[in-house]
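Data from run-v3.csv: CSV, C-alpha atoms
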```csv
chain,number,residue,atom,x,y,z
Z,1,MET,CA,110.2,91.6,122.8
Z,2,GLU,CA,107.9,91.6,119.8
Z,3,SER,CA,104.6,89.9,119.8
Z,4,THR,CA,103.9,86.8,117.8
Z,5,LEU,CA,101.7,88.8,115.5
Z,6,LEU,CA,104.4,91.4,114.7
Z,7,LYS,CA,107.0,88.7,114.2
Z,8,LYS,CA,104.9,87.6,111.3
Z,9,LEU,CA,105.8,90.9,109.6
Z,10,VAL,CA,109.4,89.8,109.6
Z,11,ASP,CA,108.9,86.3,108.3
Z,12,LYS,CA,106.3,87.7,105.9
Z,13,SER,CA,103.6,85.2,107.0
Z,14,ILE,CA,101.3,88.2,107.2
Z,15,THR,CA,101.4,91.3,105.0
Z,16,THR,CA,101.1,94.9,106.2
Z,17,GLU,CA,97.8,95.2,104.3
Z,18,GLN,CA,96.4,92.1,106.2
Z,19,LEU,CA,97.5,93.6,109.5
Z,20,ILE,CA,95.8,96.9,108.6
Z,21,MET,CA,92.5,95.1,108.1
Z,22,LYS,CA,92.9,93.3,111.4
Z,23,ALA,CA,93.7,96.5,113.3
Z,24,LYS,CA,90.7,98.3,111.9
Z,25,LYS,CA,88.4,95.4,112.9
Z,26,ASN,CA,90.0,94.9,116.3
Z,27,PRO,CA,91.3,98.1,118.0
Z,28,ASP,CA,92.6,95.9,120.9
Z,29,LEU,CA,95.6,95.2,118.6
Z,30,LEU,CA,96.7,98.8,118.6
Z,31,PRO,CA,98.8,98.7,121.7
Z,32,GLU,CA,100.9,95.9,120.1
Z,33,ILE,CA,101.2,98.0,116.9
Z,34,LEU,CA,102.2,101.1,118.8
Z,35,ASP,CA,104.9,99.1,120.6
Z,36,GLY,CA,106.1,97.9,117.3
Z,37,ILE,CA,107.1,101.4,116.4
Z,38,THR,CA,110.0,101.2,118.8
Z,39,SER,CA,111.1,97.8,117.5
Z,40,SER,CA,114.8,97.3,116.5
Z,41,LYS,CA,113.6,95.4,113.4
Z,42,PRO,CA,112.9,97.7,110.4
Z,43,ALA,CA,110.2,95.4,109.0
Z,44,ILE,CA,108.2,95.7,112.2
Z,45,ARG,CA,109.0,99.4,112.8
Z,46,TYR,CA,108.0,100.6,109.4
Z,47,GLY,CA,105.2,98.1,109.0
Z,48,CYS,CA,103.6,99.4,112.1
Z,49,GLY,CA,104.1,102.9,111.0
Z,50,LYS,CA,102.3,102.2,107.8
Z,51,ILE,CA,99.4,100.6,109.6
Z,52,LEU,CA,99.0,103.5,112.0
Z,53,VAL,CA,99.0,106.0,109.1
Z,54,ASP,CA,96.2,104.0,107.5
Z,55,VAL,CA,94.2,103.7,110.8
Z,56,SER,CA,94.6,107.4,111.5
Z,57,GLN,CA,93.1,108.3,108.2
Z,58,ASP,CA,90.0,106.1,108.6
Z,59,GLN,CA,89.6,105.9,112.3
Z,60,PRO,CA,91.3,109.0,113.9
Z,61,GLU,CA,89.3,108.8,117.1
Z,62,VAL,CA,90.8,105.4,117.8
Z,63,LEU,CA,94.4,106.8,117.7
Z,64,TYR,CA,93.7,110.2,119.3
Z,65,PRO,CA,94.4,109.1,122.8
Z,66,HIS,CA,98.0,108.4,121.6
Z,67,MET,CA,98.5,111.8,120.0
Z,68,ASP,CA,101.3,112.7,122.4
Z,69,PHE,CA,103.2,109.6,121.3
Z,70,PHE,CA,103.0,110.7,117.7
Z,71,ILE,CA,104.2,114.1,118.6
Z,72,THR,CA,107.4,112.6,120.1
Z,73,LEU,CA,108.0,110.8,116.8
Z,74,LEU,CA,108.5,114.2,115.1
Z,75,ASP,CA,111.9,114.0,116.7
Z,76,SER,CA,112.6,110.4,115.8
Z,77,LYS,CA,116.0,109.4,114.6
Z,78,TYR,CA,114.3,107.5,111.9
Z,79,ARG,CA,113.1,109.8,109.1
Z,80,ILE,CA,110.4,107.4,107.9
Z,81,LEU,CA,108.8,107.5,111.4
Z,82,THR,CA,108.9,111.3,111.3
Z,83,TRP,CA,107.2,111.2,108.0
Z,84,ASN,CA,104.6,108.8,109.4
Z,85,ALA,CA,104.0,111.1,112.4
Z,86,ILE,CA,103.5,114.2,110.2
Z,87,VAL,CA,100.7,112.4,108.3
Z,88,ILE,CA,99.2,110.9,111.4
Z,89,ILE,CA,99.1,114.1,113.4
Z,90,ALA,CA,97.5,115.9,110.5
Z,91,ASN,CA,94.8,113.2,110.3
Z,92,LEU,CA,94.2,113.4,114.0
Z,93,THR,CA,93.5,117.2,114.0
Z,94,LYS,CA,89.9,116.5,112.9
Z,95,VAL,CA,89.2,115.0,116.3
Z,96,ASP,CA,91.6,117.2,118.3
Z,97,ARG,CA,89.2,118.2,121.1
Z,98,GLU,CA,92.0,119.1,123.5
Z,99,LYS,CA,93.7,121.3,120.9
Z,100,LYS,CA,97.0,119.4,121.3
Z,101,PHE,CA,98.0,120.4,117.8
Z,102,ASP,CA,97.7,124.1,118.6
Z,103,GLU,CA,100.4,123.6,121.2
Z,104,ILE,CA,102.8,122.2,118.7
Z,105,PHE,CA,101.9,124.3,115.7
Z,106,GLU,CA,105.3,126.0,115.5
Z,107,LYS,CA,107.2,122.7,116.1
Z,108,TYR,CA,105.2,120.9,113.4
Z,109,PHE,CA,105.5,123.6,110.7
Z,110,SER,CA,109.1,124.3,111.6
Z,111,LEU,CA,109.8,121.0,109.7
Z,112,ILE,CA,109.1,123.0,106.5
Z,113,GLN,CA,112.7,124.2,107.0
Z,114,ASN,CA,114.0,120.6,107.2
Z,115,GLU,CA,116.9,119.7,104.9
Z,116,TYR,CA,115.1,116.6,103.5
Z,117,MET,CA,112.7,117.1,100.6
Z,118,VAL,CA,110.3,114.3,101.7
Z,119,THR,CA,110.0,115.8,105.2
Z,120,VAL,CA,109.0,119.2,103.8
Z,121,ALA,CA,106.7,117.6,101.2
Z,122,ASN,CA,104.9,115.7,103.8
Z,123,VAL,CA,104.2,118.8,105.9
Z,124,VAL,CA,103.1,120.8,102.9
Z,125,GLY,CA,101.1,118.1,101.4
Z,126,ASN,CA,99.1,117.5,104.6
Z,127,ALA,CA,98.6,121.1,105.6
Z,128,TRP,CA,95.2,121.2,104.0
Z,129,LYS,CA,93.9,118.6,106.5
Z,130,ILE,CA,94.8,120.9,109.4
Z,131,ALA,CA,93.3,123.9,107.8
Z,132,LEU,CA,90.0,122.1,107.2
Z,133,ALA,CA,90.0,120.7,110.8
Z,134,LYS,CA,91.0,124.0,112.4
Z,135,PRO,CA,89.8,126.9,110.1
Z,136,TYR,CA,91.0,129.5,112.6
Z,137,LEU,CA,94.6,128.5,111.7
Z,138,THR,CA,94.0,129.1,108.0
Z,139,THR,CA,95.8,132.4,107.6
Z,140,LYS,CA,98.9,131.1,109.5
Z,141,ILE,CA,99.0,127.9,107.4
Z,142,LYS,CA,98.6,129.9,104.2
Z,143,ASP,CA,101.4,132.3,105.1
Z,144,ILE,CA,103.7,129.3,105.8
Z,145,LEU,CA,102.9,127.6,102.6
Z,146,LEU,CA,103.7,130.7,100.6
Z,147,THR,CA,107.3,130.6,101.9
Z,148,VAL,CA,108.1,127.4,100.1
Z,149,GLU,CA,109.5,129.1,97.0
Z,150,HIS,CA,112.2,130.6,99.2
Z,151,LEU,CA,113.4,127.3,100.8
Z,152,SER,CA,117.1,126.8,101.1
Z,153,ILE,CA,118.8,124.3,98.8
Z,154,THR,CA,120.5,121.4,100.6
Z,155,PRO,CA,122.2,118.2,99.5
Z,156,HIS,CA,118.8,116.6,99.9
Z,157,LEU,CA,116.6,119.4,98.5
Z,158,SER,CA,117.5,120.6,95.0
Z,159,GLU,CA,115.8,123.2,92.9
Z,160,GLU,CA,113.7,120.5,91.3
Z,161,CYS,CA,112.7,119.3,94.8
Z,162,LYS,CA,111.5,122.8,95.5
Z,163,ARG,CA,109.3,122.7,92.4
Z,164,VAL,CA,107.8,119.4,93.6
Z,165,ILE,CA,107.2,121.0,97.0
Z,166,ILE,CA,105.6,124.1,95.4
Z,167,GLU,CA,103.3,121.7,93.5
Z,168,HIS,CA,102.3,120.1,96.8
Z,169,ALA,CA,101.6,123.6,98.2
Z,170,ILE,CA,99.3,124.4,95.3
Z,171,ARG,CA,97.4,121.1,95.6
Z,172,SER,CA,97.1,121.9,99.3
Z,173,PHE,CA,95.8,125.4,98.7
Z,174,ASP,CA,93.2,124.0,96.3
Z,175,LEU,CA,91.6,122.0,99.1
Z,176,PHE,CA,91.1,124.9,101.5
Z,177,PHE,CA,91.1,127.9,99.1
Z,178,PRO,CA,87.4,128.9,99.8
Z,179,GLN,CA,88.2,129.6,103.4
Z,180,ILE,CA,91.3,131.8,102.7
Z,181,GLU,CA,90.5,135.4,103.4
Z,182,GLU,CA,93.4,137.1,101.5
Z,183,LYS,CA,93.2,135.0,98.3
Z,184,GLU,CA,95.2,137.5,96.0
Z,185,ASN,CA,98.6,136.5,97.3
Z,186,VAL,CA,97.9,132.8,96.7
Z,187,ILE,CA,96.7,133.6,93.1
Z,188,PHE,CA,99.9,135.6,92.6
Z,189,PHE,CA,102.0,132.7,94.0
Z,190,VAL,CA,100.4,130.2,91.6
Z,191,LYS,CA,100.7,132.5,88.6
Z,192,LYS,CA,104.5,132.6,89.1
Z,193,GLN,CA,104.6,128.9,88.4
Z,194,LEU,CA,103.0,129.0,85.0
Z,195,LYS,CA,106.4,129.1,83.3
Z,196,SER,CA,108.0,126.5,85.5
Z,197,SER,CA,110.4,124.0,83.9
Z,198,ARG,CA,108.4,121.3,85.7
Z,199,LYS,CA,105.5,120.3,83.4
Z,200,THR,CA,103.3,118.9,86.1
Z,201,LEU,CA,103.7,122.1,88.1
Z,202,GLN,CA,102.7,124.1,85.1
Z,203,LEU,CA,99.6,122.0,84.7
Z,204,VAL,CA,98.6,122.1,88.4
Z,205,SER,CA,99.0,125.9,88.3
Z,206,GLU,CA,96.8,126.2,85.2
Z,207,GLU,CA,94.1,124.0,86.6
Z,208,PHE,CA,94.1,125.9,89.9
Z,209,LEU,CA,93.8,129.3,88.2
Z,210,ARG,CA,91.0,128.0,85.9
Z,211,LYS,CA,89.1,126.9,89.0
Z,212,TRP,CA,89.8,129.7,91.4
Z,213,SER,CA,91.0,132.9,89.7
Z,214,GLY,CA,87.5,134.1,89.2
Z,215,ASN,CA,86.8,133.8,92.9
Z,216,VAL,CA,89.2,136.5,94.1
```

Translate the structure described by the file into structure tokens.
Amino acid sequence: MESTLLKKLVDKSITTEQLIMKAKKNPDLLPEILDGITSSKPAIRYGCGKILVDVSQDQPEVLYPHMDFFITLLDSKYRILTWNAIVIIANLTKVDREKKFDEIFEKYFSLIQNEYMVTVANVVGNAWKIALAKPYLTTKIKDILLTVEHLSITPHLSEECKRVIIEHAIRSFDLFFPQIEEKENVIFFVKKQLKSSRKTLQLVSEEFLRKWSGNV
């Protein structure tokens, strides 16, 4: 049974953005919003997911007690909730005092082999947050990101999708490159993209190399 507040998402008498502001000002609303994730109504389910992503970014300590719940969402039958969980968990690693993420490292990064491009892109695009929060995992994260050029093609992940994911990987590397010990293989990975058919991938690669190739 949805609360009166969440029903307003369905009849659009409140916007997701307005509810985000309310949740940030009043953490007592979070139990309602967390319950909304299991709603049968998509407007509530996905609205609450968006709210929790936003709160996790700005106030991770408020959501950290619920990290186990977000871990279960990695297995959600709703892909959008899985995507939300990928981002939220990455945001919570900065306050992960109990090292809960460390216990699910393999599970989390196994999603890089998922058949859906958006799932993979979310893992790759948020990997830098985990590396910064947990520097001791840097090498493992780097090695995983370097595998994205070998992803299998699926009906939901084309060659062009792979190029998008590689672009995400380079952007991620850029944000934690100083703490990578073996930088040469990252530079080599990026150099291979300079002749990519994807123009933005070329540009991102060029910018990365201008910034970092002298620091190897």

Subject >> Spatial neighbours of Val204 (chain Z), max dist 8 Å, all atoms listed in the file, sep filter under 5 positions, as an MDAnalysis selection string >> reply: chainID Z and resid 167 170:171

Is it possible to get the axis-aligned box enclosing region 155-174 of chain Z (all listed atoms, 5 Å extra per side) as JSON, with centre and edge lengths in Å rounded to one decimal?
```
{"center_x": 107.7, "center_y": 121.0, "center_z": 95.6, "size_x": 39.0, "size_y": 18.8, "size_z": 18.6}
```

**OP:** Work out how far CA of Met67 (chain Z) is from CA of Glu115 (chain Z), in Å to one decimal.
**Re:**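 Computed distance, CA of Glu115 (chain Z) to CA of Met67 (chain Z), equals 25.1 Å.
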
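The space between CA of Val164 (chain Z) and CA of Pro135 (chain Z) spans 25.5 Å.
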
Subject >> Spatial neighbours of Gln179 (chain Z), 9 Å, only C-alpha atoms, chain gap at least 2 places, as a PyMOL selection string >> reply: chain Z and resi 131-132+135+138+176-177+181+183

Put those residues in a file: C-alpha atoms, as a PDB file, in the frame of the given file.
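Result went into out27.pdb, see below:
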```pdb
ATOM      1  CA  ALA Z 131      93.300 123.900 107.800  1.00  0.00           C
ATOM      2  CA  LEU Z 132      90.000 122.100 107.200  1.00  0.00           C
ATOM      3  CA  PRO Z 135      89.800 126.900 110.100  1.00  0.00           C
ATOM      4  CA  THR Z 138      94.000 129.100 108.000  1.00  0.00           C
ATOM      5  CA  PHE Z 176      91.100 124.900 101.500  1.00  0.00           C
ATOM      6  CA  PHE Z 177      91.100 127.900  99.100  1.00  0.00           C
ATOM      7  CA  GLU Z 181      90.500 135.400 103.400  1.00  0.00           C
ATOM      8  CA  LYS Z 183      93.200 135.000  98.300  1.00  0.00           C
TER       9      LYS Z 183
END
```

Original post:
If you count only C-alpha atoms, which residues fall within 10 Å of Phe69 (chain Z), apart from same-chain ones fewer than 5 positions away, as an NGL selection string?
Top reply: :Z and (34 or 63-64 or 74 or 85 or 89)

**OP:** Name the closest residue to Glu184 (chain Z) among the candidates Z:Leu6, Z:Leu209, Z:Val118, Z:Val123; distances are taken between atoms, counting only C-alpha atoms.
**Re:**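 Using only C-alpha atoms, the shortest distance to Glu184 (chain Z) belongs to Z:Leu209.
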
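Separating CA of Ser172 (chain Z) from CA of Ile37 (chain Z) is a distance of 28.5 Å.
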